[in-house]
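Student: To be precise about what I am sending: the file is called query.cif and holds mmCIF, C-alpha atoms and all ligand atoms.
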```
data_structure
#
loop_
_atom_site.label_atom_id
_atom_site.label_comp_id
_atom_site.auth_asym_id
_atom_site.auth_seq_id
_atom_site.Cartn_x
_atom_site.Cartn_y
_atom_site.Cartn_z
CA MET A 25 -17.44 -1.24 -21.49
CA LYS A 26 -19.91 1.65 -21.18
CA ILE A 27 -22.20 2.16 -18.23
CA GLU A 28 -24.57 5.13 -18.20
CA HIS A 29 -23.22 8.00 -16.05
CA GLU A 30 -19.94 6.18 -15.41
CA HIS A 31 -16.60 5.99 -17.18
CA GLU A 32 -14.09 3.17 -17.02
CA GLN A 33 -10.50 3.75 -15.88
CA HIS A 34 -8.17 0.95 -16.91
CA GLU A 35 -4.65 1.03 -15.46
CA THR A 36 -1.74 -1.36 -15.28
CA LEU A 37 0.35 -0.93 -12.16
CA GLN A 38 3.95 -1.97 -11.94
CA ILE A 39 5.22 -2.18 -8.36
CA ASP A 40 8.91 -2.10 -7.42
CA VAL A 41 9.51 -2.05 -3.66
CA PHE A 42 11.73 -3.78 -1.13
CA TYR A 43 10.65 -5.88 1.84
CA PRO A 44 12.94 -6.31 4.82
CA ASP A 45 14.39 -9.82 5.07
CA HIS A 46 12.31 -12.05 7.31
CA ALA A 47 11.95 -15.63 8.42
CA PRO A 48 9.33 -17.80 6.70
CA ARG A 49 5.90 -16.77 7.89
CA ALA A 50 4.33 -18.73 10.71
CA GLU A 51 1.00 -17.80 12.30
CA SER A 52 1.49 -16.59 15.85
CA ALA A 53 -0.73 -17.75 18.69
CA LEU A 54 -1.89 -14.12 18.99
CA PHE A 55 -2.86 -14.07 15.30
CA ARG A 56 -4.96 -17.25 15.72
CA LYS A 57 -6.58 -15.80 18.86
CA THR A 58 -7.27 -12.45 17.17
CA LYS A 59 -8.77 -14.06 14.06
CA HIS A 60 -10.93 -16.41 16.13
CA HIS A 61 -12.19 -13.58 18.38
CA LEU A 62 -13.00 -11.20 15.51
CA ILE A 63 -14.73 -13.78 13.30
CA ALA A 64 -16.03 -16.65 15.46
CA VAL A 65 -16.81 -14.75 18.68
CA LEU A 66 -17.65 -11.19 17.61
CA ASP A 67 -19.00 -12.29 14.20
CA THR A 68 -17.50 -9.18 12.59
CA PRO A 69 -18.66 -8.75 8.98
CA CYS A 70 -16.51 -7.64 6.04
CA TRP A 71 -15.56 -3.98 6.62
CA VAL A 72 -16.41 -3.17 2.99
CA CYS A 73 -19.56 -5.08 2.07
CA GLY A 74 -20.89 -6.50 5.33
CA SER A 75 -20.71 -10.07 4.03
CA LYS A 76 -20.04 -12.88 6.47
CA ASP A 77 -18.89 -15.27 3.72
CA GLN A 78 -15.23 -16.28 3.38
CA ARG A 79 -14.01 -13.83 6.01
CA GLU A 80 -10.31 -13.22 6.49
CA VAL A 81 -8.33 -10.77 8.60
CA HIS A 82 -6.10 -8.14 7.04
CA HIS A 83 -3.10 -6.60 8.80
CA PHE A 84 -4.12 -2.98 8.28
CA HIS A 85 -1.57 -0.57 9.79
CA ALA A 86 1.42 -2.90 9.48
CA GLU A 87 1.97 -6.08 7.48
CA TRP A 88 3.81 -8.98 9.08
CA ALA A 89 6.35 -9.09 6.21
CA ASP A 90 7.36 -5.47 6.98
CA ALA A 91 8.00 -6.05 10.70
CA ASN A 92 11.79 -5.89 10.41
CA GLY A 93 11.60 -2.56 8.56
CA ILE A 94 9.17 -0.75 10.88
CA ASP A 95 10.20 1.95 13.34
CA PHE A 96 7.96 1.09 16.28
CA ASP A 97 8.67 4.43 17.97
CA LYS A 98 6.87 5.98 14.97
CA MET A 99 4.07 3.43 15.30
CA ARG A 100 3.73 4.25 19.00
CA ALA A 101 3.39 7.95 18.15
CA MET A 102 0.87 7.31 15.35
CA HIS A 103 -1.27 4.84 17.31
CA PRO A 104 -1.71 6.05 20.89
CA ALA A 105 -5.00 4.11 21.15
CA PHE A 106 -3.15 0.78 21.00
CA ASP A 107 -2.43 -0.71 24.45
CA TRP A 108 1.37 -0.41 24.30
CA SER A 109 1.65 -2.06 27.74
CA THR A 110 1.07 -5.34 25.84
CA TYR A 111 3.97 -4.69 23.45
CA LYS A 112 7.11 -6.80 23.81
CA GLU A 113 7.82 -7.61 20.15
CA PRO A 114 6.47 -6.51 16.74
CA SER A 115 3.93 -9.33 16.48
CA ASP A 116 2.24 -8.02 19.65
CA PHE A 117 1.11 -5.01 17.59
CA ILE A 118 0.97 -6.60 14.14
CA ASP A 119 -1.22 -9.57 15.15
CA SER A 120 -3.42 -7.60 17.56
CA GLU A 121 -7.09 -6.83 17.00
CA TYR A 122 -6.08 -3.16 16.84
CA ASN A 123 -4.17 -3.86 13.61
CA MET A 124 -6.81 -6.06 11.96
CA LEU A 125 -9.52 -5.40 9.45
CA VAL A 126 -12.04 -8.16 8.76
CA LEU A 127 -12.57 -8.51 5.02
CA CYS A 128 -14.25 -11.11 2.83
CA ALA A 129 -11.92 -12.91 0.39
CA LYS A 130 -13.14 -10.66 -2.46
CA HIS A 131 -12.28 -7.46 -0.60
CA HIS A 132 -9.03 -8.89 0.76
CA ARG A 133 -7.37 -10.52 -2.25
CA GLY A 134 -9.87 -10.43 -5.11
CA LYS A 135 -9.02 -9.00 -8.54
CA ASN A 136 -10.35 -5.44 -8.95
CA HIS A 137 -11.63 -5.42 -5.33
CA GLY A 138 -9.04 -6.57 -2.80
CA ILE A 139 -7.10 -4.25 -0.53
CA HIS A 140 -3.97 -6.09 -1.72
CA MET A 141 -4.87 -5.45 -5.35
CA LEU A 142 -5.90 -1.77 -5.52
CA PRO A 143 -4.45 1.57 -4.48
CA TYR A 144 -6.21 2.54 -1.22
CA PRO A 145 -8.19 5.53 -2.62
CA ILE A 146 -9.75 3.21 -5.21
CA PHE A 147 -10.26 0.34 -2.74
CA VAL A 148 -12.01 2.46 -0.10
CA MET A 149 -14.62 3.73 -2.58
CA GLN A 150 -16.26 0.30 -2.36
CA ARG A 151 -17.10 0.89 1.31
CA ASN A 152 -19.08 4.00 0.44
CA GLN A 153 -20.51 3.13 -2.96
CA ARG A 154 -24.18 3.61 -3.74
CA ALA A 155 -26.20 0.47 -4.46
CA ASP A 156 -26.79 1.61 -8.06
CA PHE A 157 -23.09 2.34 -8.75
CA VAL A 158 -21.15 -0.29 -10.69
CA PHE A 159 -17.61 -0.47 -9.27
CA SER A 160 -15.95 -2.86 -11.72
CA PRO A 161 -16.81 -4.88 -14.85
CA ASP A 162 -17.48 -8.06 -12.85
CA GLU A 163 -20.42 -6.30 -11.18
CA VAL A 164 -22.22 -5.42 -14.43
CA LYS A 165 -25.62 -7.04 -14.41
CA ALA A 166 -26.48 -8.71 -17.71
ZN ZN B 1 -16.52 -7.80 1.32
#
```
As structure tokens - that is how I would like this structure written.
Tutor:
Amino acid sequence: MKIEHEHEQHETLQIDVFYPDHAPRAESALFRKTKHHLIAVLDTPCWVCGSKDQREVHHFHAEWADANGIDFDKMRAMHPAFDWSTYKEPSDFIDSEYNMLVLCAKHHRGKNHGIHMLPYPIFVMQRNQRADFVFSPDEVKA
């Protein structure tokens, strides 16, 4: 596909990483509270596009599935702005508002757009893109 003043980069990623063993995921009460406050109370739009459609919350600094592999002394050093007086277990940080990014479904899990689908340097370009820049083939106007 050719777009004037743009060039297409087509890559296939193969990912091979380990996750620490963990129990089946269950939403914590803090996660439900955080999601409700960010979306229903504060009405936070998608961090990328500003949409208020199909909003979800993304665990930004630490994913729940990684909790058993995280050194929280390192997290404490890297995130002094978090209220560590509230910390008793990993989910206190992981499911907090501090660790959340509100994203629409497209920018959370969507093909060629989602933070779970793209390397971060490619993903973050969408937040800063000009209105006349076409980010991916699904945005080409006929
Ligand atoms: Zn979005």
Student: Neighbours of ligand ZN 1 (chain B) at 9 Å or closer, counting only C-alpha atoms and all ligand atoms: which residues, as a PyMOL selection string?
Tutor: chain A and resi 69-79+126-132+137-138+150-151
Student: Could you check how far atom CA of Trp88 of chain A sits from atom CA of Arg56 of chain A, in Å to one decimal?
Tutor: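 Atom-to-atom, atom CA of Trp88 of chain A to atom CA of Arg56 of chain A, that is 13.8 Å.
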Student: Rounded to one decimal, what separation in Å do you get between atom CA of Val164 of chain A and atom CA of Asn136 of chain A?
Tutor: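 One can read the atom CA of Val164 of chain A to atom CA of Asn136 of chain A distance as 13.1 Å.
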Student: Counting only C-alpha atoms, which residue out of A:Thr68, A:Ser52, A:Ser115, A:Asn123 sits closest to Phe84 of chain A?
Tutor: A:Asn123
Student: Between A:Ala50, A:Ala166, A:Ile146, A:Ile118, which has the minimum distance to Asn92 of chain A (counting only C-alpha atoms)?
Tutor: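 Checking each candidate against Asn92 of chain A, we get A:Ile118 as the closest.
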Student: Could you state the separation of atom CA of Gln38 of chain A and atom CA of Glu163 of chain A in Å, given to one decimal place?
Tutor: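 So the two atoms, atom CA of Gln38 of chain A and atom CA of Glu163 of chain A, lie 24.8 Å apart.
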Student: Once 3 Å is added on each side, what centre and edge lengths in Å to one decimal does the axis-aligned box around all listed atoms of segment 83-102 of chain A have, as lines of an AutoDock Vina configuration file?
Tutor:
```
center_x = 3.8
center_y = -0.6
center_z = 12.6
size_x = 21.9
size_y = 23.0
size_z = 18.8
```
Student: Looking at all atoms listed in the file, which of A:Ile139, A:Ile94, A:Leu54, A:Met99 is the one that sits closest to Glu80 of chain A?
Tutor: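 Answer, going by the shortest atom-to-atom distance: A:Ile139.
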Student: Restricting the calculation to all atoms listed in the file, which member of A:Met102, A:Ala155, A:Asp90, A:Pro143 is positioned closest to Asp45 of chain A?
Tutor: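 Closest candidate: A:Asp90.
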Student: Which of these residues is nearest to Phe55 of chain A, using all atoms listed in the file: A:Lys98, A:His34, A:His83, A:His29?
Tutor: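 Closest to Phe55 of chain A, using all atoms listed in the file: A:His83.
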Student: Of the candidates A:Trp108, A:Leu66, A:Asp95, A:Met141, which shows the shortest atom-to-atom distance to Thr36 of chain A, using all atoms listed in the file?
Tutor: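 Closest to Thr36 of chain A, using all atoms listed in the file: A:Met141.
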